[in-house]
>>> print(open('protein_23.cif').read())   # mmCIF, C-alpha atoms
data_run
#
loop_
_atom_site.label_atom_id
_atom_site.label_comp_id
_atom_site.auth_asym_id
_atom_site.auth_seq_id
_atom_site.Cartn_x
_atom_site.Cartn_y
_atom_site.Cartn_z
CA ALA A 1 82.24 187.69 86.39
CA GLN A 2 82.08 184.37 88.11
CA THR A 3 78.76 182.95 89.23
CA VAL A 4 77.84 180.03 91.44
CA THR A 5 74.43 178.38 91.20
CA GLN A 6 72.77 176.12 93.71
CA SER A 7 69.36 175.39 92.24
CA GLN A 8 67.94 173.28 95.08
CA PRO A 9 66.89 175.45 98.05
CA GLU A 10 66.14 172.51 100.33
CA MET A 11 66.86 168.82 100.63
CA SER A 12 66.07 166.15 103.15
CA VAL A 13 67.85 162.87 103.89
CA GLN A 14 67.24 159.95 106.20
CA GLU A 15 69.84 159.41 108.89
CA ALA A 16 72.57 156.98 107.71
CA GLU A 17 71.62 157.49 104.06
CA THR A 18 73.59 159.30 101.34
CA VAL A 19 72.70 162.67 99.87
CA THR A 20 74.18 164.71 97.03
CA LEU A 21 74.05 168.50 96.90
CA SER A 22 74.43 170.10 93.49
CA CYS A 23 76.42 173.14 92.42
CA THR A 24 77.36 174.61 89.09
CA TYR A 25 79.60 177.55 88.39
CA ASP A 26 80.61 179.72 85.51
CA THR A 27 84.08 181.10 84.91
CA SER A 28 86.49 181.77 82.11
CA GLU A 29 89.50 181.33 84.38
CA SER A 30 91.67 178.23 84.49
CA ASP A 31 93.14 178.82 87.96
CA TYR A 32 90.56 178.62 90.71
CA TYR A 33 89.42 176.78 93.82
CA LEU A 34 86.04 175.44 94.83
CA PHE A 35 84.72 174.98 98.34
CA TRP A 36 81.76 173.65 100.25
CA TYR A 37 80.97 175.44 103.49
CA LYS A 38 78.53 174.39 106.18
CA GLN A 39 76.59 176.97 108.20
CA PRO A 40 74.80 175.47 111.22
CA PRO A 41 72.30 177.45 113.31
CA SER A 42 75.25 178.94 115.21
CA ARG A 43 75.88 180.85 111.93
CA GLN A 44 79.60 180.10 111.88
CA MET A 45 80.77 179.07 108.43
CA ILE A 46 82.80 175.88 108.53
CA LEU A 47 84.86 174.59 105.63
CA VAL A 48 83.74 171.10 104.66
CA ILE A 49 85.91 170.36 101.66
CA ARG A 50 87.91 172.11 98.95
CA GLN A 51 88.97 171.26 95.42
CA GLU A 52 91.77 172.77 93.38
CA ALA A 53 90.76 173.15 89.74
CA TYR A 54 94.09 171.82 88.49
CA LYS A 55 93.59 168.51 90.32
CA GLN A 56 91.68 165.85 88.46
CA GLN A 57 91.21 163.68 91.53
CA ASN A 58 88.05 164.37 93.48
CA ALA A 59 88.60 165.59 97.04
CA THR A 60 87.48 163.45 99.97
CA GLU A 61 87.20 164.24 103.66
CA ASN A 62 85.88 161.33 105.71
CA ARG A 63 82.14 161.06 104.92
CA PHE A 64 82.27 164.01 102.50
CA SER A 65 83.37 163.77 98.91
CA VAL A 66 82.94 165.82 95.77
CA ASN A 67 82.24 165.04 92.14
CA PHE A 68 84.21 167.68 90.25
CA GLN A 69 83.36 167.82 86.55
CA LYS A 70 85.55 170.61 85.22
CA ALA A 71 84.29 170.60 81.64
CA ALA A 72 80.69 170.71 82.80
CA LYS A 73 81.56 173.26 85.52
CA SER A 74 79.85 171.10 88.09
CA PHE A 75 80.89 170.57 91.71
CA SER A 76 78.56 168.40 93.77
CA LEU A 77 78.96 167.34 97.39
CA LYS A 78 78.15 163.82 98.53
CA ILE A 79 77.51 163.17 102.20
CA SER A 80 77.61 159.52 103.14
CA ASP A 81 76.15 157.97 106.31
CA SER A 82 74.28 161.20 107.08
CA GLN A 83 74.17 162.20 110.72
CA LEU A 84 71.80 164.49 112.61
CA GLY A 85 74.68 166.93 113.06
CA ASP A 86 74.92 167.34 109.30
CA ALA A 87 71.70 169.35 109.31
CA ALA A 88 72.68 172.86 108.27
CA MET A 89 72.83 175.25 105.36
CA TYR A 90 75.49 174.33 102.80
CA PHE A 91 77.14 176.82 100.50
CA CYS A 92 79.16 176.18 97.40
CA ALA A 93 81.87 178.80 96.85
CA TYR A 94 84.35 179.79 94.15
CA ARG A 95 87.68 181.47 94.66
CA SER A 96 89.70 182.82 91.76
CA GLY A 97 93.40 182.32 91.49
CA ALA A 98 93.67 186.06 90.93
CA ASN A 99 92.30 187.28 94.27
CA SER A 100 90.95 186.13 97.60
CA LYS A 101 87.28 186.95 97.10
CA LEU A 102 84.85 184.09 97.68
CA THR A 103 81.75 183.97 95.47
CA PHE A 104 78.98 181.97 97.10
CA GLY A 105 75.92 180.21 95.81
CA LYS A 106 72.54 180.89 97.44
CA GLY A 107 72.91 177.87 99.67
CA ILE A 108 70.85 174.78 100.34
CA THR A 109 69.16 173.85 103.59
CA LEU A 110 69.76 170.20 104.45
CA SER A 111 67.56 168.49 107.00
CA VAL A 112 68.29 165.02 108.39
CA ARG A 113 65.38 162.81 109.44
CA PRO A 114 65.99 160.51 112.42
CA LYS B 1 94.20 178.87 119.53
CA ALA B 2 91.37 181.39 119.58
CA GLY B 3 89.19 181.62 116.51
CA VAL B 4 87.96 184.68 114.66
CA THR B 5 86.18 186.98 117.08
CA GLN B 6 83.54 189.41 115.98
CA THR B 7 82.00 192.03 118.22
CA PRO B 8 79.33 192.82 118.98
CA ARG B 9 77.24 189.73 118.23
CA TYR B 10 74.01 191.67 117.96
CA LEU B 11 73.30 195.30 117.21
CA ILE B 12 70.15 197.36 116.74
CA LYS B 13 70.49 200.75 115.10
CA THR B 14 68.15 203.41 113.77
CA ARG B 15 68.01 204.53 110.16
CA GLY B 16 70.50 207.31 109.48
CA GLN B 17 72.89 206.27 112.24
CA GLN B 18 76.31 204.82 111.67
CA VAL B 19 77.78 201.62 113.02
CA THR B 20 81.21 200.10 113.51
CA LEU B 21 81.78 196.35 113.61
CA SER B 22 84.99 194.73 114.80
CA CYS B 23 86.84 191.60 113.78
CA SER B 24 89.87 190.07 115.47
CA PRO B 25 91.48 187.45 113.24
CA ILE B 26 93.21 184.30 114.32
CA SER B 27 96.64 185.07 115.71
CA GLY B 28 99.15 185.26 112.87
CA HIS B 29 96.55 185.77 110.19
CA ARG B 30 97.09 188.91 108.17
CA SER B 31 94.21 188.81 105.71
CA VAL B 32 90.70 189.81 106.78
CA SER B 33 87.66 189.75 104.52
CA TRP B 34 84.11 190.94 105.20
CA TYR B 35 80.86 189.52 103.83
CA GLN B 36 77.24 190.56 104.10
CA GLN B 37 74.64 187.80 104.37
CA THR B 38 70.95 188.50 103.74
CA PRO B 39 68.06 186.13 102.89
CA GLY B 40 67.50 187.87 99.57
CA GLN B 41 71.02 188.44 98.27
CA GLY B 42 72.83 185.63 100.04
CA LEU B 43 76.50 186.07 100.86
CA GLN B 44 78.19 189.00 99.21
CA PHE B 45 81.81 190.08 99.42
CA LEU B 46 82.38 193.54 100.89
CA PHE B 47 86.16 193.98 101.00
CA GLU B 48 89.45 192.40 101.97
CA TYR B 49 92.37 193.85 103.90
CA PHE B 50 95.91 192.64 104.05
CA SER B 51 98.71 194.35 105.94
CA GLU B 52 96.53 197.40 106.59
CA THR B 53 95.76 197.86 102.87
CA GLN B 54 92.49 197.25 101.10
CA ARG B 55 93.31 194.71 98.42
CA ASN B 56 89.90 193.99 96.99
CA LYS B 57 86.47 195.58 97.13
CA GLY B 58 83.01 194.31 96.33
CA ASN B 59 80.14 196.16 94.73
CA PHE B 60 78.82 198.13 97.68
CA PRO B 61 78.17 201.86 98.04
CA GLY B 62 80.71 204.15 99.63
CA ARG B 63 78.71 204.11 102.88
CA PHE B 64 80.49 200.85 103.56
CA SER B 65 84.11 201.27 104.54
CA GLY B 66 86.71 199.43 106.49
CA ARG B 67 90.20 199.51 107.84
CA GLN B 68 92.81 197.23 109.29
CA PHE B 69 95.18 197.96 112.12
CA SER B 70 98.81 196.96 112.55
CA ASN B 71 97.76 194.01 114.74
CA SER B 72 95.54 192.78 111.84
CA ARG B 73 92.31 193.56 113.66
CA SER B 74 89.77 195.02 111.28
CA GLU B 75 86.76 197.26 111.56
CA MET B 76 84.01 197.95 109.11
CA ASN B 77 81.85 201.02 109.22
CA VAL B 78 78.47 201.66 107.70
CA SER B 79 77.28 205.25 107.64
CA THR B 80 73.77 206.60 107.11
CA LEU B 81 72.20 203.24 107.81
CA GLU B 82 69.28 202.06 105.67
CA LEU B 83 66.73 199.37 106.45
CA GLY B 84 68.31 197.23 103.73
CA ASP B 85 71.57 197.13 105.63
CA SER B 86 70.00 194.74 108.11
CA ALA B 87 72.06 191.60 107.71
CA LEU B 88 74.52 189.19 109.21
CA TYR B 89 78.03 190.53 108.70
CA LEU B 90 80.69 187.85 108.59
CA CYS B 91 84.41 188.28 108.90
CA ALA B 92 86.94 185.74 107.62
CA SER B 93 90.65 185.57 108.28
CA SER B 94 93.43 183.70 106.54
CA LEU B 95 97.18 183.54 106.76
CA ASP B 96 97.65 185.21 103.42
CA PRO B 97 95.47 185.58 100.36
CA ARG B 98 98.13 183.71 98.41
CA PRO B 99 98.52 180.86 97.75
CA MET B 100 94.91 180.70 96.85
CA ASN B 101 94.18 177.47 98.62
CA THR B 102 94.71 179.06 102.02
CA GLU B 103 91.67 178.31 104.11
CA ALA B 104 89.48 181.17 105.26
CA PHE B 105 88.22 180.88 108.85
CA PHE B 106 84.98 182.64 109.64
CA GLY B 107 83.73 184.31 112.79
CA GLN B 108 80.21 183.88 114.12
CA GLY B 109 79.11 187.17 112.67
CA THR B 110 77.42 190.33 113.84
CA ARG B 111 73.67 190.48 113.39
CA LEU B 112 72.78 194.08 112.54
CA THR B 113 69.16 195.17 112.63
CA VAL B 114 68.24 198.61 111.34
CA VAL B 115 64.88 199.97 112.51
#
>>> encode(input="protein_23.cif", output="structure tokens")
Amino acid sequence: AQTVTQSQPEMSVQEAETVTLSCTYDTSESDYYLFWYKQPPSRQMILVIRQEAYKQQNATENRFSVNFQKAAKSFSLKISDSQLGDAAMYFCAYRSGANSKLTFGKGITLSVRP
Amino acid sequence: KAGVTQTPRYLIKTRGQQVTLSCSPISGHRSVSWYQQTPGQGLQFLFEYFSETQRNKGNFPGRFSGRQFSNSRSEMNVSTLELGDSALYLCASSLDPRPMNTEAFFGQGTRLTVV
């Protein structure tokens, strides 16, 4: 079975600074997708960024980028120029190529200091 | 385009009762998945429906069931409620489970409290 581990329960960053959220996963599959979701106080899960396992290039979406280390099974999220609106819970998620089920990590609460 | 709509937003039930939660996916989306979110267990997959058929099921007891209608709307039912069923129930819709990089869009969830 696949597992996703987010070992840091909380992190804090100064506004305009950069922060990196860590995630590791375990799988024996070669075809899979990785995601970072944001859950603000409104509770609605919002997709931040996704990475296909077969792509070597790290995904980037504006201020958000990932460091995908396939051999190490590591998938960290870097948020540059942090903004107050980035404060939320962030979940790392795994999706197998064999089905549509998302396996989530425990999440990390990010706070942004003004 | 309307997003994923879950009703009701909040629900309080008594132990032993049953409850039905509803999810209307984004128009055109045919896949609907359900997740349970609790502080202790985090987000856990319940089941996924596509074209009125359950395609995948998580590790939950038989008290948890679901269905999908021809218009892709989905309901989940929990019978004989237990205190531990108190959770945020999230629904996600996507165009199709395949290809696998299809984005899942989530609703705002139904907060169920069992007393």
>>> resolve_selection(input="protein_23.cif", expression="the PyMOL selection byres ((chain B) within 12 of (chain A))", output="ChimeraX atom specification")
/B:3-6,9,31-50,54-59,88-111
>>> write_last_selection(input="protein_23.cif", atoms="C-alpha atoms", output="mmCIF file, keeping the file's coordinate frame")
data_model
loop_
_atom_site.group_PDB
_atom_site.id
_atom_site.type_symbol
_atom_site.label_atom_id
_atom_site.label_comp_id
_atom_site.auth_asym_id
_atom_site.auth_seq_id
_atom_site.Cartn_x
_atom_site.Cartn_y
_atom_site.Cartn_z
ATOM 1 C CA GLY B 3 89.190 181.620 116.510
ATOM 2 C CA VAL B 4 87.960 184.680 114.660
ATOM 3 C CA THR B 5 86.180 186.980 117.080
ATOM 4 C CA GLN B 6 83.540 189.410 115.980
ATOM 5 C CA ARG B 9 77.240 189.730 118.230
ATOM 6 C CA SER B 31 94.210 188.810 105.710
ATOM 7 C CA VAL B 32 90.700 189.810 106.780
ATOM 8 C CA SER B 33 87.660 189.750 104.520
ATOM 9 C CA TRP B 34 84.110 190.940 105.200
ATOM 10 C CA TYR B 35 80.860 189.520 103.830
ATOM 11 C CA GLN B 36 77.240 190.560 104.100
ATOM 12 C CA GLN B 37 74.640 187.800 104.370
ATOM 13 C CA THR B 38 70.950 188.500 103.740
ATOM 14 C CA PRO B 39 68.060 186.130 102.890
ATOM 15 C CA GLY B 40 67.500 187.870 99.570
ATOM 16 C CA GLN B 41 71.020 188.440 98.270
ATOM 17 C CA GLY B 42 72.830 185.630 100.040
ATOM 18 C CA LEU B 43 76.500 186.070 100.860
ATOM 19 C CA GLN B 44 78.190 189.000 99.210
ATOM 20 C CA PHE B 45 81.810 190.080 99.420
ATOM 21 C CA LEU B 46 82.380 193.540 100.890
ATOM 22 C CA PHE B 47 86.160 193.980 101.000
ATOM 23 C CA GLU B 48 89.450 192.400 101.970
ATOM 24 C CA TYR B 49 92.370 193.850 103.900
ATOM 25 C CA PHE B 50 95.910 192.640 104.050
ATOM 26 C CA GLN B 54 92.490 197.250 101.100
ATOM 27 C CA ARG B 55 93.310 194.710 98.420
ATOM 28 C CA ASN B 56 89.900 193.990 96.990
ATOM 29 C CA LYS B 57 86.470 195.580 97.130
ATOM 30 C CA GLY B 58 83.010 194.310 96.330
ATOM 31 C CA ASN B 59 80.140 196.160 94.730
ATOM 32 C CA LEU B 88 74.520 189.190 109.210
ATOM 33 C CA TYR B 89 78.030 190.530 108.700
ATOM 34 C CA LEU B 90 80.690 187.850 108.590
ATOM 35 C CA CYS B 91 84.410 188.280 108.900
ATOM 36 C CA ALA B 92 86.940 185.740 107.620
ATOM 37 C CA SER B 93 90.650 185.570 108.280
ATOM 38 C CA SER B 94 93.430 183.700 106.540
ATOM 39 C CA LEU B 95 97.180 183.540 106.760
ATOM 40 C CA ASP B 96 97.650 185.210 103.420
ATOM 41 C CA PRO B 97 95.470 185.580 100.360
ATOM 42 C CA ARG B 98 98.130 183.710 98.410
ATOM 43 C CA PRO B 99 98.520 180.860 97.750
ATOM 44 C CA MET B 100 94.910 180.700 96.850
ATOM 45 C CA ASN B 101 94.180 177.470 98.620
ATOM 46 C CA THR B 102 94.710 179.060 102.020
ATOM 47 C CA GLU B 103 91.670 178.310 104.110
ATOM 48 C CA ALA B 104 89.480 181.170 105.260
ATOM 49 C CA PHE B 105 88.220 180.880 108.850
ATOM 50 C CA PHE B 106 84.980 182.640 109.640
ATOM 51 C CA GLY B 107 83.730 184.310 112.790
ATOM 52 C CA GLN B 108 80.210 183.880 114.120
ATOM 53 C CA GLY B 109 79.110 187.170 112.670
ATOM 54 C CA THR B 110 77.420 190.330 113.840
ATOM 55 C CA ARG B 111 73.670 190.480 113.390
#
>>> atom_distance(input="protein_23.cif", atom1="CA of Val114 in chain B", atom2="CA of Leu81 in chain B")
7.0 Å
>>> resolve_selection(input="protein_23.cif", expression="the PyMOL selection byres ((chain A and resi 112) around 10)", output="PyMOL selection string")
chain A and resi 11-17+19+82-88+110-111+113-114
>>> atom_distance(input="protein_23.cif", atom1="CA of Phe68 in chain A", atom2="CA of Ser28 in chain A")
16.4 Å
>>> resolve_selection(input="protein_23.cif", expression="the PyMOL selection byres ((chain B and resi 11) around 6)", output="list in words")
Tyr10, Ile12 and Leu112 of chain B
>>> closest_residue(input="protein_23.cif", among="A:Ser7, A:Thr109, A:Ala71, A:Ser30", to="Ala53 in chain A", atoms="all atoms listed in the file")
A:Ser30
>>> atom_distance(input="protein_23.cif", atom1="CA of Thr7 in chain B", atom2="CA of Cys23 in chain B")
6.6 Å
>>> closest_residue(input="protein_23.cif", among="A:Ser65, A:Gln56, A:Gln8, A:Ser80", to="Thr24 in chain A", atoms="only C-alpha atoms")
A:Gln8
>>> closest_residue(input="protein_23.cif", among="A:Lys73, A:Glu10, A:Cys23, A:Ile79", to="Thr60 in chain A", atoms="only C-alpha atoms")
A:Ile79
>>> residues_around(input="protein_23.cif", residues="Tyr25 in chain A", least_positions_apart="3", cutoff="7 Å", atoms="all atoms listed in the file", output="ChimeraX atom specification")
/A:3-5,73-74
